[in-house]
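First up is the structure itself, then whatever we jot down about it.
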Amino acid sequence: MKLIVAEDVNAYYGDNHVLKNISLSISENTVTAFIGPSGCGKTTFLRTLNRMNDYIDSFRVEGKIKIDGKDIYGNKVRVEELRQKVGMVFQKPNPFPKSIFDNVAYGLKVQGTNDKKFIAERVEKSLRQAALWNEVKDILHKPALSLSGGQQQRLCIARTLAVKPSIVLMDEPASALDPISTAKIEELILELKEKYTIVIVTHNMQQAARVSDRTAFFYLGELVEYSKTAEMFTNPKNKRTENYITGRFG
Amino acid sequence: MKKSSERWIERALALSALITILTTVGIIWVLVSESWNFFKEVSIIAFLTDTEWTPLFANKHYGILPLLSGTVLTTLIAILTALPLGVVIAVYLSEYANPKFRKAIKPALEILAAVPTVVYGFFALTVVTPFLQSFIPGLGTFNALSAGIVMGIMIIPLISSLSEDALFAVPKSLREASYGMGATRFQTAFRVVVPAASSGILVSVILAVSRAIGETMVVAIAAGQQPNLTFDPRQAVETITTYIVQVSLGDVQHDSLEYRTIFAAGITLFLFTFALNHISFRLKRRYQEQYE
Amino acid sequence: MSRLRTNRIVDSAFRYVGIAATFFGLVVLAVFLLNILQQGLGRIDGDFLTSLPSRRASRAGILTAWTGTAWILFLTALISIPLGVAAGIYLEEYGKKNRLARIIEINIANLAGVPSIIYGLLGLELFVRAMRMGSSLLAGACTLSLLILPVIIVATREAIKAVPNTLREASYGMGATRWQTIWYQVLPAASGGILTGVILALSRAIGETAPLIVIGALAYVPFVARSPLDEFTVLPMQIFNWISRPQEAFLVNGAAAIIILLAITFCMNGIAVYLRNRWQKKINW
């Protein structure tokens, strides 16, 4: 069974029809990239996967989005639990104005965990997974905002990993970072693939080509093409995909 | 589990916010119910037209006019003091002063508003009155003039701060058009900017009037407590607010007619300030739309 | 003289007029403060601070007055801070869409413009009489709390508004509930601004006289209050009482007490301004 299954998803901001009949499915332990020009709906679709769009009044969604077999927009769904299973890393690093340790521990605190030893272990594990442990292990109680941009973003990843999600959504995670930090993040994504399922929105096609197994190309709210990354970039089936990839627009 | 406790938290927070509504309801209820009882014994006509206010004397009169004239007189003096100064300050800060000076002086002016009103009353009584007496013949120890002037000084920041915001909101392009035609800063300020910001300035004045009408201690200390139907600022007067203080300091029995007079006075005060605040609120909305 | 020259002269002249006007109020205040210090500073000594009021001016002190002020400050803070901050949180974080919140907002704007003496009338009927608190510290604190509640609510809202949304997003993204986000992220980030507003509001409360007179704070209190249900007086009331008397010696006492009151007020305002500057620097990340 596929981990994430979207069936005929339509979404609206008020009267604006922003997602049109999106159907796709994503397997476990893969990296999937969403690409497309600005305003094509890729970020909107990403945010439907953890219901972050709930906070926008005019937003409406139709169709089914099933994660692990259950429709996440169903009646009995607790959105806080959903978000512990489906984590999100945002475009601009947004660590809390707290210490490094407290940032990573936040998710556990919110879940109600009190065991100090358990938390400390989980924090270390997550920071290791995010390839940040060696850089911060001696300054865990310093403010997170004193880290560099690239480090802050890895911290945000660690923070997300600490609650052991099965899926990690990333909304252009490296677009605000310098090339070296970007490379580190991409390396990280490839490592995380073993344990997590990753969906990443990116403006950078080369990045998509580097890190993802499958790629979905969105255009004006439609899912134009969705296939193995290698195939899409060498032999796109759709003319629009080809035009975007070769830089004719976007 | 979590969801229900979230609901309860939200309810508790909403309840705290509702207290403000209860406050208003309470104020209206208290004023109306006691005034109702008052007006069962004293006719509204007498209340509004009798020229004497002597509820605590043997020969009782319940005309509110002396209290109104005292309020109006002191307020008028206060506004005549504060308005020119406040507007001049606002124009100077907005059109002439450099930004550093502006930033430094604004909090300094706020100090004027932070001083407790008792202190201003002391000032009016012990410094201003003797000073004025040295060149104004016939100025009583308790007089409306000192109280009015000191009240004016107290509310300068109110007018200057709000007027300055109003002037600031006028688009730069208007000034540039005026300068471009060879007008001086002064001309631009008073011929173009001030008229354009006039509703904002008016709002500040209305709020200042409302504040002055509600002021108690300065007048209680410096203007005496004699209800006097006069517009001579050299005399002692009593305002609506100082009357309430006078009664509260004395030994009036609860539930007597004399006791209820403070609520009749109070509801008059409340109606005036409410009306003024409402007008200024409407005006403010209108001029804010102008510059959207 | 040509029109142009007149205009130029008026323009330059106005610059001086403007500066004069700007400093006028401050100069007058400075004159006044110097006058007060001259009159009252000498009177302040240990006895003054620790004596009860008396009919003899030279023996009278402000013990009951400043302990009363301290009591009122404490009780008012206890009542108004939780209520005000809670209301502010509700209006800013929960009540964005519903009509009830809109009505409450307009109502608060109204209440801010109601003269303080009217709150005294409310306190008299509601707290002193209907709730049988008598003319006690508790009644006074409740009355003043209602008076400063709008100020605290507005300050709380402004402080919460200044917290960037990315913080909330990050918290929600990790599965935190709304209240958890508010309690763990928004409130700590807004705390500087809220504290500033609270201190300013309380500073105003301890300078209030009229509402306390109406609820029955006494002019002459020869004992120190021991419980919230005791009758009381406060510094501004004591000042008012003393300066209403004709004897010169009482005026001097009044001046001395004013110095104490001003010292407290300026101290509180100074702390608030300092906190505001520090918080504003912190919030700009």
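Every chain in the structure tokens has a letter given in the order shown (A, B, ...), and although residue numbers restart at 1 in each chain, ligands are simply numbered from 1 in the order shown.
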
Taking only C-alpha atoms into account, produce a table as a Markdown table in which each residue of chain C with an atom at most 6 Å from an atom of chain A appears once, together with its shortest atom pair and the distance in Å to one decimal, ordered by chain and rising number.
| residue | atom | partner | partner_atom | distance |
| --- | --- | --- | --- | --- |
| C:Gly173 | CA | A:Met88 | CA | 5.9 |
| C:Met174 | CA | A:Arg83 | CA | 5.8 |
| C:Gly175 | CA | A:Glu80 | CA | 4.2 |
| C:Ala176 | CA | A:Val110 | CA | 5.9 |

Serialized selection, N, CA and C atoms, as an mmCIF file, in the first residue's frame:
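That gives us selection03.cif:
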data_model
loop_
_atom_site.group_PDB
_atom_site.id
_atom_site.type_symbol
_atom_site.label_atom_id
_atom_site.label_comp_id
_atom_site.auth_asym_id
_atom_site.auth_seq_id
_atom_site.Cartn_x
_atom_site.Cartn_y
_atom_site.Cartn_z
ATOM 1 N N GLY C 173 3.153 23.440 13.073
ATOM 2 C CA GLY C 173 3.692 22.408 12.186
ATOM 3 C C GLY C 173 4.186 21.200 12.953
ATOM 4 N N MET C 174 4.482 21.412 14.243
ATOM 5 C CA MET C 174 4.955 20.280 15.012
ATOM 6 C C MET C 174 3.853 19.615 15.807
ATOM 7 N N GLY C 175 2.643 20.015 15.552
ATOM 8 C CA GLY C 175 1.542 19.319 16.212
ATOM 9 C C GLY C 175 1.120 19.942 17.535
ATOM 10 N N ALA C 176 1.569 21.154 17.803
ATOM 11 C CA ALA C 176 1.120 21.796 19.040
ATOM 12 C C ALA C 176 -0.292 22.323 18.866
#

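Excluding Leu68 in chain B and any residue on its chain fewer than 4 positions from it, the residues at most 7 Å away by only C-alpha atoms are Ile64, Val72, Thr239 and Ile240 of chain B.
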
Would you mind listing what lies within 9 Å of range 259-266 of chain B as number ranges by chain, with only C-alpha atoms counted and same-chain residues fewer than 3 positions away left out? B: 30-39, 55, 62, 64, 67, 240-241, 243-245, 247-248, 252-256, 269-271; C: 117-118, 121

Would you mind exporting N, CA and C atoms of the selected residues as a short mmCIF file (atom, residue, chain, number, x, y, z; two decimals), in the first residue's frame?
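As written to disk, part-v2.cif reads:
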data_model
loop_
_atom_site.label_atom_id
_atom_site.label_comp_id
_atom_site.auth_asym_id
_atom_site.auth_seq_id
_atom_site.Cartn_x
_atom_site.Cartn_y
_atom_site.Cartn_z
N VAL B 30 -26.07 51.24 36.86
CA VAL B 30 -25.96 52.03 38.09
C VAL B 30 -26.42 53.46 37.86
N LEU B 31 -25.94 54.06 36.76
CA LEU B 31 -26.30 55.46 36.50
C LEU B 31 -27.79 55.60 36.23
N VAL B 32 -28.31 54.71 35.41
CA VAL B 32 -29.72 54.85 35.03
C VAL B 32 -30.64 54.58 36.21
N SER B 33 -30.35 53.52 36.96
CA SER B 33 -31.31 53.18 38.02
C SER B 33 -31.35 54.24 39.10
N GLU B 34 -30.19 54.76 39.52
CA GLU B 34 -30.22 55.78 40.54
C GLU B 34 -30.78 57.10 40.02
N SER B 35 -30.46 57.42 38.77
CA SER B 35 -31.02 58.65 38.20
C SER B 35 -32.53 58.54 38.05
N TRP B 36 -32.97 57.39 37.70
CA TRP B 36 -34.41 57.16 37.59
C TRP B 36 -35.10 57.53 38.89
N ASN B 37 -34.53 57.02 39.98
CA ASN B 37 -35.11 57.36 41.28
C ASN B 37 -35.02 58.84 41.56
N PHE B 38 -33.93 59.45 41.12
CA PHE B 38 -33.77 60.87 41.32
C PHE B 38 -34.85 61.64 40.58
N PHE B 39 -35.04 61.26 39.31
CA PHE B 39 -35.98 62.02 38.50
C PHE B 39 -37.43 61.74 38.84
N PRO B 55 -28.33 71.25 46.57
CA PRO B 55 -29.00 70.08 47.16
C PRO B 55 -28.62 69.83 48.61
N TYR B 62 -32.21 72.10 42.35
CA TYR B 62 -31.53 71.02 41.64
C TYR B 62 -31.29 71.36 40.17
N ILE B 64 -28.91 71.94 37.14
CA ILE B 64 -27.55 71.52 36.82
C ILE B 64 -26.76 72.59 36.09
N LEU B 67 -23.36 73.71 37.48
CA LEU B 67 -22.30 72.71 37.30
C LEU B 67 -21.85 72.66 35.84
N ILE B 240 -19.21 69.29 37.36
CA ILE B 240 -19.95 68.07 37.63
C ILE B 240 -19.08 67.12 38.46
N THR B 241 -17.83 67.01 38.05
CA THR B 241 -16.96 66.06 38.74
C THR B 241 -16.64 66.50 40.16
N TYR B 243 -18.39 68.26 42.11
CA TYR B 243 -19.57 68.11 42.96
C TYR B 243 -19.63 66.69 43.51
N ILE B 244 -19.39 65.72 42.64
CA ILE B 244 -19.44 64.32 43.07
C ILE B 244 -18.42 64.09 44.18
N VAL B 245 -17.25 64.70 44.02
CA VAL B 245 -16.22 64.56 45.05
C VAL B 245 -16.68 65.19 46.37
N VAL B 247 -19.66 65.64 47.56
CA VAL B 247 -20.65 64.81 48.26
C VAL B 247 -19.99 63.58 48.85
N SER B 248 -19.07 62.96 48.09
CA SER B 248 -18.46 61.73 48.57
C SER B 248 -17.62 61.97 49.80
N VAL B 252 -23.22 61.96 53.48
CA VAL B 252 -24.57 61.88 52.93
C VAL B 252 -25.08 60.45 53.05
N GLN B 253 -26.33 60.33 53.45
CA GLN B 253 -26.89 59.00 53.63
C GLN B 253 -27.18 58.34 52.30
N HIS B 254 -26.85 57.05 52.26
CA HIS B 254 -27.19 56.30 51.04
C HIS B 254 -28.70 56.29 50.85
N ASP B 255 -29.12 56.27 49.62
CA ASP B 255 -30.54 56.16 49.28
C ASP B 255 -31.33 57.42 49.63
N SER B 256 -30.65 58.51 49.90
CA SER B 256 -31.40 59.76 50.06
C SER B 256 -31.38 60.50 48.74
N LEU B 269 -22.63 63.66 32.91
CA LEU B 269 -21.24 63.60 32.49
C LEU B 269 -21.02 62.46 31.50
N PHE B 270 -21.55 61.30 31.83
CA PHE B 270 -21.35 60.13 30.99
C PHE B 270 -21.91 60.35 29.59
N LEU B 271 -23.10 60.94 29.53
CA LEU B 271 -23.70 61.17 28.21
C LEU B 271 -22.84 62.09 27.37
N ILE C 117 -13.98 59.13 37.37
CA ILE C 117 -14.89 59.27 38.49
C ILE C 117 -16.15 58.42 38.30
N ILE C 118 -16.50 58.16 37.07
CA ILE C 118 -17.66 57.32 36.80
C ILE C 118 -17.40 55.88 37.26
N LEU C 121 -18.29 55.76 40.75
CA LEU C 121 -19.73 55.58 41.00
C LEU C 121 -20.11 54.11 40.86
#

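Computed from the coordinates, the CA of Leu262 in chain C to CA of Pro130 in chain B distance equals 23.1 Å.
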
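If you count only C-alpha atoms and ignore residues fewer than 6 places along the chain from Lys42 in chain A, what sits within 8 Å of it is Phe34, Ile35, Gly36, Val201, Phe218 and Gly221 of chain A.
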
Using only C-alpha atoms and a cut-off of 6 Å, which residues of chain C sit close to chain B? Please list them as a compact mmCIF listing (two decimals) with all heavy atoms, in the first residue's frame.
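The file below, part-v8.txt, is the result:
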# COMPACT_ATOMS: atom_id res chain seq x y z
N ASP C 11 8.53 82.38 8.21
CA ASP C 11 8.98 80.99 8.22
C ASP C 11 10.05 80.77 9.29
O ASP C 11 9.97 79.85 10.08
CB ASP C 11 9.53 80.63 6.84
CG ASP C 11 9.71 79.14 6.68
OD1 ASP C 11 8.77 78.41 7.05
OD2 ASP C 11 10.77 78.71 6.22
N GLY C 18 7.96 77.39 17.35
CA GLY C 18 7.74 75.96 17.51
C GLY C 18 8.57 75.38 18.64
O GLY C 18 8.07 74.62 19.48
N ALA C 21 7.20 76.56 21.95
CA ALA C 21 5.98 75.84 22.34
C ALA C 21 6.32 74.45 22.85
O ALA C 21 5.78 73.99 23.85
CB ALA C 21 5.02 75.76 21.16
N THR C 22 7.25 73.79 22.12
CA THR C 22 7.61 72.44 22.51
C THR C 22 8.18 72.39 23.90
O THR C 22 7.89 71.48 24.68
CB THR C 22 8.63 71.86 21.52
OG1 THR C 22 8.13 72.03 20.19
CG2 THR C 22 8.87 70.40 21.78
N LEU C 83 -6.84 39.02 34.41
CA LEU C 83 -8.03 39.32 33.61
C LEU C 83 -7.66 40.02 32.32
O LEU C 83 -8.13 39.66 31.24
CB LEU C 83 -8.99 40.20 34.41
CG LEU C 83 -9.83 39.51 35.47
CD1 LEU C 83 -10.69 40.53 36.19
CD2 LEU C 83 -10.69 38.44 34.85
N ALA C 86 -5.58 37.76 29.90
CA ALA C 86 -6.45 36.72 29.34
C ALA C 86 -7.37 37.30 28.27
O ALA C 86 -7.53 36.73 27.19
CB ALA C 86 -7.27 36.07 30.45
N ALA C 87 -7.97 38.46 28.58
CA ALA C 87 -8.87 39.07 27.60
C ALA C 87 -8.10 39.45 26.34
O ALA C 87 -8.58 39.25 25.23
CB ALA C 87 -9.54 40.30 28.21
N TYR C 90 -7.46 36.41 24.29
CA TYR C 90 -8.66 35.95 23.59
C TYR C 90 -8.92 36.78 22.35
O TYR C 90 -9.12 36.26 21.26
CB TYR C 90 -9.88 36.02 24.52
CG TYR C 90 -11.13 35.62 23.79
CD1 TYR C 90 -11.38 34.29 23.49
CD2 TYR C 90 -12.04 36.58 23.35
CE1 TYR C 90 -12.51 33.92 22.79
CE2 TYR C 90 -13.17 36.22 22.65
CZ TYR C 90 -13.40 34.88 22.37
OH TYR C 90 -14.51 34.52 21.65
N PRO C 115 -14.71 58.92 32.03
CA PRO C 115 -13.96 59.59 33.09
C PRO C 115 -13.80 58.67 34.30
O PRO C 115 -14.69 57.89 34.62
CB PRO C 115 -14.82 60.80 33.43
CG PRO C 115 -15.67 61.02 32.25
CD PRO C 115 -15.89 59.69 31.62
N LEU C 122 -19.54 53.46 39.82
CA LEU C 122 -19.83 52.04 39.63
C LEU C 122 -19.33 51.25 40.82
O LEU C 122 -20.04 50.40 41.38
CB LEU C 122 -19.14 51.54 38.35
CG LEU C 122 -19.20 50.02 38.12
CD1 LEU C 122 -20.61 49.55 37.94
CD2 LEU C 122 -18.35 49.64 36.91
N GLY C 207 -1.87 56.75 40.91
CA GLY C 207 -2.01 58.19 40.95
C GLY C 207 -3.45 58.64 40.99
O GLY C 207 -3.74 59.82 41.10
N VAL C 214 -14.77 58.54 45.77
CA VAL C 214 -16.18 58.18 45.64
C VAL C 214 -16.50 56.88 46.36
O VAL C 214 -17.56 56.76 46.97
CB VAL C 214 -16.57 58.09 44.14
CG1 VAL C 214 -17.98 57.58 44.00
CG2 VAL C 214 -16.42 59.43 43.48

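Atom pair CA of Ile104 in chain C / CA of Gly197 in chain C: separated by 19.6 Å.
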